[in-house]
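Dumped query13.txt below, it's compact mmCIF, C-alpha atoms:
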```txt
# COMPACT_ATOMS: atom_id res chain seq x y z
CA MET A 19 0.00 0.00 0.00
CA LYS A 20 2.77 2.42 0.93
CA ILE A 21 4.84 1.62 -2.15
CA LEU A 22 1.81 2.11 -4.35
CA GLY A 23 1.09 5.40 -2.62
CA ARG A 24 4.63 6.66 -3.22
CA ARG A 25 4.43 5.77 -6.89
CA ILE A 26 1.22 7.67 -7.38
CA GLY A 27 2.58 10.53 -5.33
CA ARG A 28 5.79 10.86 -7.31
CA GLY A 29 3.98 12.43 -10.26
CA GLY A 30 2.46 15.10 -8.04
CA GLY A 31 5.74 16.00 -6.31
CA ALA A 32 5.44 13.68 -3.25
CA SER A 33 6.12 16.32 -0.61
CA GLY A 34 5.86 13.65 2.08
CA GLN A 35 9.17 12.14 1.00
CA VAL A 36 10.76 15.60 0.92
CA ALA A 37 9.50 16.18 4.48
CA LYS A 38 11.04 12.91 5.60
CA GLU A 39 14.45 13.65 4.07
CA ARG A 40 14.52 17.16 5.50
CA LEU A 41 13.53 15.90 8.93
CA ARG A 42 16.20 13.23 8.84
CA LEU A 43 18.87 15.91 8.51
CA VAL A 44 17.28 18.43 10.88
CA LEU A 45 16.87 15.81 13.63
CA ALA A 46 20.45 14.63 13.22
CA HIS A 47 21.66 18.20 13.74
CA ASP A 48 19.22 18.91 16.60
CA ARG A 49 20.14 15.75 18.49
CA THR A 50 23.85 16.40 18.40
CA SER A 51 23.83 20.21 18.30
CA ILE A 52 26.30 19.98 15.44
CA SER A 53 25.38 22.54 12.80
CA PRO A 54 26.22 22.09 9.11
CA ALA A 55 28.83 24.85 9.57
CA LEU A 56 30.47 22.99 12.47
CA LEU A 57 30.45 19.83 10.38
CA GLU A 58 32.47 21.69 7.73
CA ILE A 59 34.98 22.87 10.34
CA LEU A 60 35.32 19.31 11.68
CA LYS A 61 35.88 18.03 8.18
CA ASP A 62 38.63 20.60 7.46
CA GLU A 63 40.41 19.85 10.72
CA ILE A 64 40.19 16.10 10.24
CA ILE A 65 41.72 16.54 6.79
CA ALA A 66 44.50 18.72 8.21
CA VAL A 67 45.38 16.27 11.00
CA ILE A 68 45.35 13.16 8.87
CA SER A 69 47.22 14.77 5.96
CA ARG A 70 50.09 15.47 8.32
CA HIS A 71 50.71 11.73 8.58
CA VAL A 72 49.31 10.06 5.49
CA ALA A 73 48.36 11.11 1.99
CA ILE A 74 44.61 11.40 1.57
CA ALA A 75 42.33 12.52 -1.24
CA ALA A 76 41.14 15.69 0.48
CA ASP A 77 38.53 16.47 -2.16
CA GLU A 78 36.79 13.16 -1.63
CA VAL A 79 36.57 13.25 2.16
CA ASP A 80 32.99 12.90 3.38
CA VAL A 81 32.00 13.64 6.97
CA SER A 82 28.35 12.98 7.76
CA PHE A 83 25.88 11.67 10.29
CA SER A 84 24.55 8.17 10.48
CA GLN A 85 21.47 7.33 12.51
CA SER A 86 20.36 4.07 13.97
CA ALA A 87 17.34 4.28 16.26
CA ARG A 88 18.11 7.26 18.50
CA GLU A 89 21.88 6.91 18.28
CA SER A 90 23.81 9.32 16.12
CA ARG A 91 27.29 8.83 14.93
CA LEU A 92 29.74 10.90 12.99
CA VAL A 93 31.06 8.97 10.01
CA ALA A 94 34.17 10.09 8.21
CA ASP A 95 34.97 8.49 4.87
CA ILE A 96 38.58 9.35 4.07
CA PRO A 97 40.03 7.87 0.87
CA LEU A 98 43.76 7.23 1.08
CA VAL A 99 45.94 7.99 -1.88
CA SER A 100 47.71 4.79 -2.94
CA ARG A 101 51.51 4.68 -3.21
CA SER A 102 51.52 4.20 -6.96
CA LYS A 103 49.49 7.40 -7.34
CA ARG A 104 51.84 9.30 -5.09
CA ARG A 105 54.81 8.36 -7.24
CA THR A 106 53.18 9.65 -10.38
CA ARG A 107 52.44 13.02 -8.85
CA MET B 25 -2.74 -0.29 43.96
CA ALA B 26 -0.58 2.76 43.27
CA ALA B 27 -1.79 4.82 40.37
CA ARG B 28 0.15 5.22 37.19
CA VAL B 29 0.88 8.83 36.31
CA LEU B 30 0.92 9.49 32.57
CA THR B 31 1.92 12.87 31.18
CA VAL B 32 0.67 13.86 27.73
CA THR B 33 3.13 16.21 26.07
CA SER B 34 4.31 17.30 22.62
CA GLY B 35 6.64 20.28 22.50
CA LYS B 36 4.60 22.01 19.81
CA GLY B 37 1.23 23.51 20.67
CA GLY B 38 -2.01 22.67 18.93
CA VAL B 39 -1.23 19.05 18.07
CA GLY B 40 -3.99 17.62 20.24
CA LYS B 41 -2.63 17.08 23.77
CA THR B 42 -5.78 18.30 25.51
CA THR B 43 -8.10 16.39 23.18
CA LEU B 44 -6.09 13.22 23.77
CA THR B 45 -6.01 13.71 27.56
CA ALA B 46 -9.77 14.31 27.75
CA ASN B 47 -10.59 11.32 25.56
CA LEU B 48 -8.15 8.96 27.27
CA GLY B 49 -9.59 10.03 30.63
CA VAL B 50 -13.09 9.19 29.43
CA ALA B 51 -12.03 5.95 27.71
CA LEU B 52 -10.09 4.68 30.75
CA ALA B 53 -12.97 5.56 33.08
CA MET B 54 -15.41 3.78 30.76
CA GLN B 55 -13.17 0.74 31.04
CA GLY B 56 -13.62 0.73 34.79
CA GLN B 57 -10.53 2.65 35.84
CA ARG B 58 -10.54 5.33 38.54
CA VAL B 59 -9.14 8.33 36.71
CA VAL B 60 -8.02 11.87 37.53
CA VAL B 61 -7.12 14.25 34.71
CA ILE B 62 -4.96 17.21 35.70
CA ASP B 63 -4.78 20.35 33.58
CA ALA B 64 -1.19 21.51 34.02
CA ASP B 65 -1.49 24.37 31.55
CA VAL B 66 -1.72 27.13 34.14
CA GLY B 67 -2.85 30.39 32.53
CA LEU B 68 -4.26 28.74 29.41
CA ARG B 69 -6.61 26.12 30.79
CA ASN B 70 -8.73 24.15 28.33
CA LEU B 71 -9.18 20.64 29.62
CA ASP B 72 -12.28 21.88 31.46
CA VAL B 73 -14.02 23.03 28.27
CA MET B 74 -13.00 19.88 26.40
CA LEU B 75 -14.72 17.85 29.09
CA GLY B 76 -17.69 20.24 29.35
CA LEU B 77 -16.95 20.86 33.05
CA GLU B 78 -16.12 24.56 32.83
CA ASN B 79 -19.18 25.66 34.82
CA ARG B 80 -18.44 23.46 37.79
CA ILE B 81 -15.01 24.76 38.78
CA VAL B 82 -14.71 26.25 42.24
CA TYR B 83 -11.01 25.85 43.10
CA ASP B 84 -8.02 25.01 40.92
CA LEU B 85 -4.52 23.56 40.92
CA VAL B 86 -2.88 26.77 42.16
CA ASP B 87 -5.43 27.03 45.02
CA VAL B 88 -4.32 23.55 46.08
CA VAL B 89 -0.61 24.40 45.74
CA GLU B 90 -1.03 27.59 47.79
CA GLY B 91 -3.16 25.94 50.45
CA ARG B 92 -6.44 27.81 49.87
CA CYS B 93 -8.34 24.54 49.63
CA ARG B 94 -7.91 20.83 50.11
CA LEU B 95 -7.11 18.72 47.07
CA ARG B 96 -10.52 17.02 47.14
CA GLN B 97 -12.32 20.37 47.10
CA ALA B 98 -10.65 21.35 43.83
CA MET B 99 -11.48 18.09 42.06
CA VAL B 100 -14.54 18.21 39.81
CA ARG B 101 -16.33 14.91 39.40
CA ASP B 102 -17.66 14.16 35.92
CA LYS B 103 -21.32 13.25 36.46
CA ARG B 104 -21.43 11.15 33.29
CA LEU B 105 -18.92 8.67 34.73
CA SER B 106 -18.60 7.67 38.35
CA GLU B 107 -14.80 7.56 38.44
CA LEU B 108 -13.55 10.48 36.36
CA TYR B 109 -12.28 13.61 38.10
CA LEU B 110 -10.78 16.83 36.76
CA LEU B 111 -8.24 18.93 38.62
CA PRO B 112 -8.45 22.20 36.68
CA ALA B 113 -5.63 24.66 36.02
CA ALA B 114 -5.76 28.24 37.25
CA GLN B 115 -6.72 30.65 34.50
CA THR B 116 -5.57 33.92 36.05
CA ARG B 117 -2.10 32.86 37.19
CA ASP B 118 1.06 31.84 35.36
CA LYS B 119 3.33 28.82 35.27
CA THR B 120 5.68 30.14 37.95
CA SER B 121 2.88 29.39 40.47
CA VAL B 122 3.61 25.66 40.35
CA GLN B 123 6.86 23.83 41.11
CA PRO B 124 7.81 20.28 40.14
CA ASP B 125 7.65 19.27 43.84
CA ASP B 126 4.05 20.51 44.06
CA MET B 127 3.00 18.17 41.26
CA VAL B 128 4.84 15.26 42.85
CA ARG B 129 3.12 15.92 46.19
CA ILE B 130 -0.34 16.19 44.63
CA CYS B 131 0.10 12.97 42.66
CA ASP B 132 1.35 11.19 45.78
CA GLN B 133 -1.90 12.15 47.51
CA LEU B 134 -3.98 10.90 44.59
CA ARG B 135 -2.10 7.64 44.07
CA GLU B 136 -3.89 5.59 46.71
CA HIS B 137 -7.44 6.21 45.55
CA HIS B 138 -7.06 6.19 41.77
CA ASP B 139 -5.73 3.94 39.04
CA TYR B 140 -4.64 6.51 36.47
CA ILE B 141 -3.57 10.12 36.76
CA LEU B 142 -3.34 11.82 33.37
CA ILE B 143 -1.50 15.13 33.18
CA ASP B 144 -2.14 17.48 30.26
CA SER B 145 1.18 19.26 29.80
CA PRO B 146 1.52 22.77 28.44
CA ALA B 147 3.27 23.22 25.10
CA GLY B 148 6.95 24.09 25.14
CA ILE B 149 9.91 22.70 27.06
CA GLU B 150 10.06 25.30 29.81
CA GLN B 151 8.86 25.34 33.40
CA GLY B 152 5.28 24.17 32.72
CA PHE B 153 6.52 21.14 30.84
CA ARG B 154 9.07 20.45 33.59
CA TYR B 155 6.50 20.32 36.40
CA ALA B 156 4.10 18.35 34.19
CA ILE B 157 6.61 15.53 33.75
CA ALA B 158 8.02 15.66 37.31
CA PRO B 159 5.60 13.11 38.85
CA SER B 160 5.06 10.93 35.78
CA THR B 161 5.76 7.22 35.58
CA GLY B 162 5.10 7.18 31.83
CA ILE B 163 5.00 9.71 29.03
CA LEU B 164 2.87 9.95 25.91
CA ILE B 165 4.27 12.11 23.13
CA VAL B 166 1.66 13.51 20.74
CA THR B 167 2.65 14.63 17.27
CA ASN B 168 1.09 15.40 13.90
CA PRO B 169 2.60 14.07 10.69
CA GLU B 170 4.17 17.45 9.94
CA VAL B 171 7.77 18.67 9.88
CA SER B 172 7.51 21.18 12.75
CA ALA B 173 5.51 18.91 15.07
CA VAL B 174 7.85 15.95 14.51
CA ARG B 175 10.90 18.11 15.10
CA ASP B 176 9.53 19.44 18.40
CA ALA B 177 8.49 15.93 19.45
CA ASP B 178 12.07 14.81 18.90
CA ARG B 179 13.37 17.55 21.20
CA VAL B 180 10.93 16.51 23.92
CA ILE B 181 11.85 12.84 23.52
CA GLY B 182 15.50 13.78 24.02
CA ILE B 183 14.71 15.62 27.26
CA VAL B 184 12.41 12.89 28.57
CA GLU B 185 15.04 10.23 27.90
CA ALA B 186 17.67 12.28 29.71
CA GLU B 187 15.32 12.50 32.73
CA GLU B 188 15.01 8.71 32.74
CA LYS B 189 11.22 8.69 32.79
CA GLY B 190 11.09 5.36 31.00
CA PRO B 191 10.64 5.00 27.27
CA PRO B 192 8.06 7.52 26.00
CA ARG B 193 5.32 6.25 23.71
CA LEU B 194 4.11 7.95 20.58
CA VAL B 195 0.62 9.02 19.48
CA ILE B 196 0.33 10.24 15.89
CA ASN B 197 -2.68 12.54 15.71
CA ARG B 198 -4.58 14.03 12.77
CA LEU B 199 -3.31 11.61 10.17
CA ARG B 200 -4.93 12.12 6.77
CA PRO B 201 -4.80 8.74 5.02
CA GLN B 202 -5.71 10.09 1.60
CA LEU B 203 -2.73 12.47 1.70
CA VAL B 204 -0.40 9.70 2.84
CA LYS B 205 -1.66 7.59 -0.05
CA ARG B 206 -0.78 10.36 -2.48
CA GLY B 207 2.66 10.73 -0.91
CA GLU B 208 1.84 14.23 0.31
CA MET B 209 2.02 13.49 4.04
CA LEU B 210 4.48 11.69 6.30
CA SER B 211 3.21 8.15 6.88
CA VAL B 212 2.95 6.43 10.26
CA ALA B 213 6.02 4.36 9.32
CA ASP B 214 7.96 7.52 8.39
CA VAL B 215 7.24 9.23 11.72
CA VAL B 216 8.01 6.09 13.75
CA GLU B 217 11.28 5.63 11.86
CA LEU B 218 12.33 9.26 12.38
CA LEU B 219 11.46 9.45 16.08
CA ALA B 220 12.48 5.86 16.85
CA ILE B 221 10.16 5.30 19.81
CA ASP B 222 7.29 2.84 20.32
CA LEU B 223 3.95 3.72 18.79
CA ILE B 224 0.89 3.45 21.05
CA GLY B 225 -1.75 4.96 18.79
CA VAL B 226 -2.75 6.61 15.54
CA VAL B 227 -5.73 8.98 15.44
CA PRO B 228 -7.01 9.93 11.99
CA GLU B 229 -8.14 13.47 11.22
CA ASP B 230 -11.83 13.44 12.00
CA GLN B 231 -14.24 16.37 11.98
CA ALA B 232 -16.16 14.65 14.76
CA VAL B 233 -13.34 15.81 17.08
CA LEU B 234 -14.32 19.42 16.37
CA PHE B 235 -18.02 18.72 16.87
CA SER B 236 -17.38 17.00 20.19
CA ALA B 237 -15.17 19.89 21.37
CA ASN B 238 -17.97 22.29 20.41
CA ARG B 239 -20.29 20.38 22.71
CA GLY B 240 -17.85 19.63 25.53
CA GLN B 241 -18.64 15.95 25.05
CA PRO B 242 -15.44 13.97 24.30
CA LEU B 243 -15.78 11.58 21.37
CA ALA B 244 -14.77 8.64 23.50
CA PHE B 245 -18.23 8.67 25.13
CA ALA B 246 -19.69 7.28 21.90
CA LYS B 247 -16.81 5.06 21.02
CA ASP B 248 -18.10 3.37 17.90
CA SER B 249 -19.56 6.42 16.19
CA SER B 250 -16.28 7.75 14.83
CA GLN B 251 -12.84 6.52 13.78
CA ALA B 252 -11.09 8.93 16.11
CA GLY B 253 -13.31 7.83 19.03
CA GLN B 254 -12.34 4.23 18.37
CA SER B 255 -8.68 5.19 18.18
CA PHE B 256 -8.84 6.82 21.63
CA HIS B 257 -10.37 3.65 23.09
CA ASN B 258 -7.69 1.53 21.43
CA ILE B 259 -4.98 3.69 22.99
CA ALA B 260 -6.67 3.35 26.39
CA ARG B 261 -6.72 -0.42 26.02
CA ARG B 262 -3.05 -0.49 25.03
CA ILE B 263 -2.29 1.60 28.15
CA LEU B 264 -4.09 -1.09 30.13
CA GLY B 265 -1.66 -3.61 28.67
CA LYS B 266 -4.00 -5.18 26.11
CA ASP B 267 -2.66 -6.23 22.77
CA VAL B 268 -4.83 -4.24 20.38
CA PRO B 269 -3.95 -4.48 16.69
CA PHE B 270 -3.65 -1.17 14.87
CA MET B 271 -6.74 -0.34 12.82
CA PRO B 272 -6.16 -0.26 9.11
CA ILE B 273 -5.83 3.41 8.26
CA ARG B 274 -8.37 3.95 5.53
CA GLU B 275 -10.69 6.56 4.25
CA PRO B 276 -13.73 6.51 6.50
CA GLY B 277 -15.98 4.99 3.86
CA MET B 278 -18.99 3.03 5.05
CA LEU B 279 -17.46 -0.39 4.37
CA GLN B 280 -14.20 0.45 6.14
CA ARG B 281 -16.08 1.84 9.06
CA ILE B 282 -18.02 -1.40 9.44
CA LEU B 283 -14.82 -3.44 9.08
CA GLY B 284 -13.19 -1.30 11.75
CA ILE B 285 -16.02 -1.90 14.16
CA VAL B 286 -15.99 -5.64 13.46
CA GLY B 287 -12.22 -5.64 14.01
CA LEU B 288 -12.68 -3.84 17.30
CA GLY B 289 -15.28 -6.39 18.40
CA GLU B 290 -13.13 -9.38 17.53
CA ASP B 291 -10.07 -8.53 19.54
CA GLY B 292 -12.00 -7.33 22.61
```
Would you kindly transcribe this structure into structure tokens?
Amino acid sequence: MKILGRRIGRGGGASGQVAKERLRLVLAHDRTSISPALLEILKDEIIAVISRHVAIAADEVDVSFSQSARESRLVADIPLVSRSKRRTR
Amino acid sequence: MAARVLTVTSGKGGVGKTTLTANLGVALAMQGQRVVVIDADVGLRNLDVMLGLENRIVYDLVDVVEGRCRLRQAMVRDKRLSELYLLPAAQTRDKTSVQPDDMVRICDQLREHHDYILIDSPAGIEQGFRYAIAPSTGILIVTNPEVSAVRDADRVIGIVEAEEKGPPRLVINRLRPQLVKRGEMLSVADVVELLAIDLIGVVPEDQAVLFSANRGQPLAFAKDSSQAGQSFHNIARRILGKDVPFMPIREPGMLQRILGIVGLGEDG
């Protein structure tokens, strides 16, 4: 029933899904009192600290929230630059 | 038996706390429980008009707190049910007139002679909300399937969990099934997933709620005449520990209405 409803709704703009996605983000920020701006600062500092020791692909670093039930966690996805790539630089 | 103290709260105003408190009070009393409903919204009282008891108030909560009357003198008995009492809020005072300890003391006095004490919390997360949850042994969070109401509910859930009041339970009020079907409203599953607490009831949008408020005659008195009235009774039965399946949320067409009533009869 729900899947059917979403399909029908998609044509008309399905604002319910938009509400859900927006709430997901808002609640993650509310629960942790980490604003999007603070998240950016954290990301920059994480990049700075890790780059001091290992080579990372700074442009591809992703720092975000993950939610399971009422637990929030900060997830940092930091791609390392492989040795072969470093040599070719 | 010591009474259970349930606080109905929401964060956001206007989502249906007072309507839910009035109807749960009636539904629990109809199911043989000895019930007191307390209006904790000092300064903006409304539980009295929802219950149609506004003309019978002599003393109020603040009179009790400040010692101008005994607790029993302030309690208004609902003549339609033998075991439903209202402790009204003061209308001409503000929320600084009541402290959390006052609510704890009042509920302690009521515990012996009643089975359920329902507290209608004011909106917000300030002092009024704090004293409304102080004596509670369980908390019902009311929300509407809307962004602002869900967000505020989440804030309240966070505070309640920090206070270790036991896991709060969720009531989703004013659901409009036809909008959910079209994808234009958060579904029950969406709200439960976002807030991540246990669901205890879903009340569909129902114009009968307005009509009953107009009359001061809570819908729960005529439980089978409306979907919302049935929902309130189902919540009351879940509070009493009964395993009541959730009604299929449908448009209130005639066939569905009959199916709903049959469903209600079967699991009784």
Define the interface residues of chain B facing chain A as those within 9 Å, counting all atoms listed in the file, and report them as a list in words.
->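 The answer, sorted by residue number, is Glu170, Val171, Ser172, Val174, Arg175, Asp178, Arg179, Gly182, Leu203, Val204, Lys205, Arg206, Gly207, Glu208, Met209, Leu210, Ser211, Asp214, Val215, Glu217, Leu218, Leu219, Ala220 and Ile221 of chain B.
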All residues 12 Å or closer to A:His71, only C-alpha atoms, same chain fewer than 6 positions away omitted, as a list in words |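 Result of the neighbour search: Ile64, Ile65 and Leu98 of chain A.
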Mind dumping the selected residues with C-alpha atoms as a PDB file, in the frame of the given file?
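The file below, selection_4.pdb, is the result:
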```pdb
ATOM      1  CA  ILE A  64      40.190  16.100  10.240  1.00  0.00           C
ATOM      2  CA  ILE A  65      41.720  16.540   6.790  1.00  0.00           C
ATOM      3  CA  LEU A  98      43.760   7.230   1.080  1.00  0.00           C
TER       4      LEU A  98
END
```
Using only C-alpha atoms: which of A:Ser100, A:Ser90, A:Asp62, A:Leu56 has the shortest distance to A:Asp77 = A:Asp62
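Between B:Leu194 and the candidates B:Pro269, B:Leu44, B:Gly91, B:Ala26, the tightest atom-to-atom separation, counting only C-alpha atoms, involves B:Leu44.
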In terms of the shortest atom-to-atom distance over only C-alpha atoms, which of B:Ala27, B:Ala53, B:Leu75, B:Val32 is closest to B:Ile181?
-> B:Val32
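Proximity to B:Met127 at 8 Å, evaluated using all atoms listed in the file and with sequence-adjacent residues fewer than 2 positions away removed, yields Val122, Gln123, Pro124, Asp125, Arg129, Ile130, Cys131, Tyr155, Ala156, Ala158 and Pro159 of chain B.
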Excluding stretch 102-118 of chain B and its own-chain neighbours fewer than 3 positions away, which residues fall within 9 Å of it when counting all atoms listed in the file? Please give them as an mmCIF file with C-alpha atoms, in the frame of the given file.
```cif
data_model
loop_
_atom_site.group_PDB
_atom_site.id
_atom_site.type_symbol
_atom_site.label_atom_id
_atom_site.label_comp_id
_atom_site.auth_asym_id
_atom_site.auth_seq_id
_atom_site.Cartn_x
_atom_site.Cartn_y
_atom_site.Cartn_z
ATOM 1 C CA GLY B 49 -9.590 10.030 30.630
ATOM 2 C CA VAL B 50 -13.090 9.190 29.430
ATOM 3 C CA LEU B 52 -10.090 4.680 30.750
ATOM 4 C CA ALA B 53 -12.970 5.560 33.080
ATOM 5 C CA MET B 54 -15.410 3.780 30.760
ATOM 6 C CA GLY B 56 -13.620 0.730 34.790
ATOM 7 C CA GLN B 57 -10.530 2.650 35.840
ATOM 8 C CA ARG B 58 -10.540 5.330 38.540
ATOM 9 C CA VAL B 59 -9.140 8.330 36.710
ATOM 10 C CA VAL B 60 -8.020 11.870 37.530
ATOM 11 C CA VAL B 61 -7.120 14.250 34.710
ATOM 12 C CA ILE B 62 -4.960 17.210 35.700
ATOM 13 C CA ASP B 63 -4.780 20.350 33.580
ATOM 14 C CA ALA B 64 -1.190 21.510 34.020
ATOM 15 C CA ASP B 65 -1.490 24.370 31.550
ATOM 16 C CA VAL B 66 -1.720 27.130 34.140
ATOM 17 C CA GLY B 67 -2.850 30.390 32.530
ATOM 18 C CA LEU B 68 -4.260 28.740 29.410
ATOM 19 C CA ARG B 69 -6.610 26.120 30.790
ATOM 20 C CA ASN B 70 -8.730 24.150 28.330
ATOM 21 C CA LEU B 71 -9.180 20.640 29.620
ATOM 22 C CA ASP B 72 -12.280 21.880 31.460
ATOM 23 C CA LEU B 75 -14.720 17.850 29.090
ATOM 24 C CA GLY B 76 -17.690 20.240 29.350
ATOM 25 C CA LEU B 77 -16.950 20.860 33.050
ATOM 26 C CA GLU B 78 -16.120 24.560 32.830
ATOM 27 C CA ILE B 81 -15.010 24.760 38.780
ATOM 28 C CA TYR B 83 -11.010 25.850 43.100
ATOM 29 C CA ASP B 84 -8.020 25.010 40.920
ATOM 30 C CA LEU B 85 -4.520 23.560 40.920
ATOM 31 C CA VAL B 86 -2.880 26.770 42.160
ATOM 32 C CA ASP B 87 -5.430 27.030 45.020
ATOM 33 C CA LEU B 95 -7.110 18.720 47.070
ATOM 34 C CA ALA B 98 -10.650 21.350 43.830
ATOM 35 C CA MET B 99 -11.480 18.090 42.060
ATOM 36 C CA SER B 121 2.880 29.390 40.470
ATOM 37 C CA VAL B 122 3.610 25.660 40.350
ATOM 38 C CA HIS B 138 -7.060 6.190 41.770
#
```
Edge lengths and centre in Å to one decimal, as AutoDock Vina command-line options, is what I'm after for the box along x, y and z that holds all listed atoms of stretch 36-55 of chain A once 6 Å is added on each side.
```
--center_x 19.2 --center_y 18.9 --center_z 9.7 --size_x 31.3 --size_y 23.9 --size_z 29.6
```
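The coordinates place atom CA of B:Ala260 at 22.8 Å from atom CA of B:Ala173.
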Please, what distance in Å, to one decimal, runs between atom CA of B:Glu136 and atom CA of B:Val29?
->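 Taking atom CA of B:Glu136 as the start and atom CA of B:Val29 as the end point, the length is 11.9 Å.
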Non-local contacts of A:Ser82 (7 Å; only C-alpha atoms; under 6 positions in same chain excluded) as a ChimeraX atom specification = /A:92-94
Separation of atom CA of B:Gln241 from atom CA of B:Leu223 in Å |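 Atom-to-atom, atom CA of B:Leu223 to atom CA of B:Gln241, that is 26.4 Å.
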I need stretch 57-103 of chain A written out with C-alpha atoms, as a CSV table (one decimal), in the first residue's frame; please produce it.
```csv
chain,number,residue,atom,x,y,z
A,57,LEU,CA,30.5,19.8,10.4
A,58,GLU,CA,32.5,21.7,7.7
A,59,ILE,CA,35.0,22.9,10.3
A,60,LEU,CA,35.3,19.3,11.7
A,61,LYS,CA,35.9,18.0,8.2
A,62,ASP,CA,38.6,20.6,7.5
A,63,GLU,CA,40.4,19.8,10.7
A,64,ILE,CA,40.2,16.1,10.2
A,65,ILE,CA,41.7,16.5,6.8
A,66,ALA,CA,44.5,18.7,8.2
A,67,VAL,CA,45.4,16.3,11.0
A,68,ILE,CA,45.4,13.2,8.9
A,69,SER,CA,47.2,14.8,6.0
A,70,ARG,CA,50.1,15.5,8.3
A,71,HIS,CA,50.7,11.7,8.6
A,72,VAL,CA,49.3,10.1,5.5
A,73,ALA,CA,48.4,11.1,2.0
A,74,ILE,CA,44.6,11.4,1.6
A,75,ALA,CA,42.3,12.5,-1.2
A,76,ALA,CA,41.1,15.7,0.5
A,77,ASP,CA,38.5,16.5,-2.2
A,78,GLU,CA,36.8,13.2,-1.6
A,79,VAL,CA,36.6,13.3,2.2
A,80,ASP,CA,33.0,12.9,3.4
A,81,VAL,CA,32.0,13.6,7.0
A,82,SER,CA,28.3,13.0,7.8
A,83,PHE,CA,25.9,11.7,10.3
A,84,SER,CA,24.5,8.2,10.5
A,85,GLN,CA,21.5,7.3,12.5
A,86,SER,CA,20.4,4.1,14.0
A,87,ALA,CA,17.3,4.3,16.3
A,88,ARG,CA,18.1,7.3,18.5
A,89,GLU,CA,21.9,6.9,18.3
A,90,SER,CA,23.8,9.3,16.1
A,91,ARG,CA,27.3,8.8,14.9
A,92,LEU,CA,29.7,10.9,13.0
A,93,VAL,CA,31.1,9.0,10.0
A,94,ALA,CA,34.2,10.1,8.2
A,95,ASP,CA,35.0,8.5,4.9
A,96,ILE,CA,38.6,9.4,4.1
A,97,PRO,CA,40.0,7.9,0.9
A,98,LEU,CA,43.8,7.2,1.1
A,99,VAL,CA,45.9,8.0,-1.9
A,100,SER,CA,47.7,4.8,-2.9
A,101,ARG,CA,51.5,4.7,-3.2
A,102,SER,CA,51.5,4.2,-7.0
A,103,LYS,CA,49.5,7.4,-7.3
```
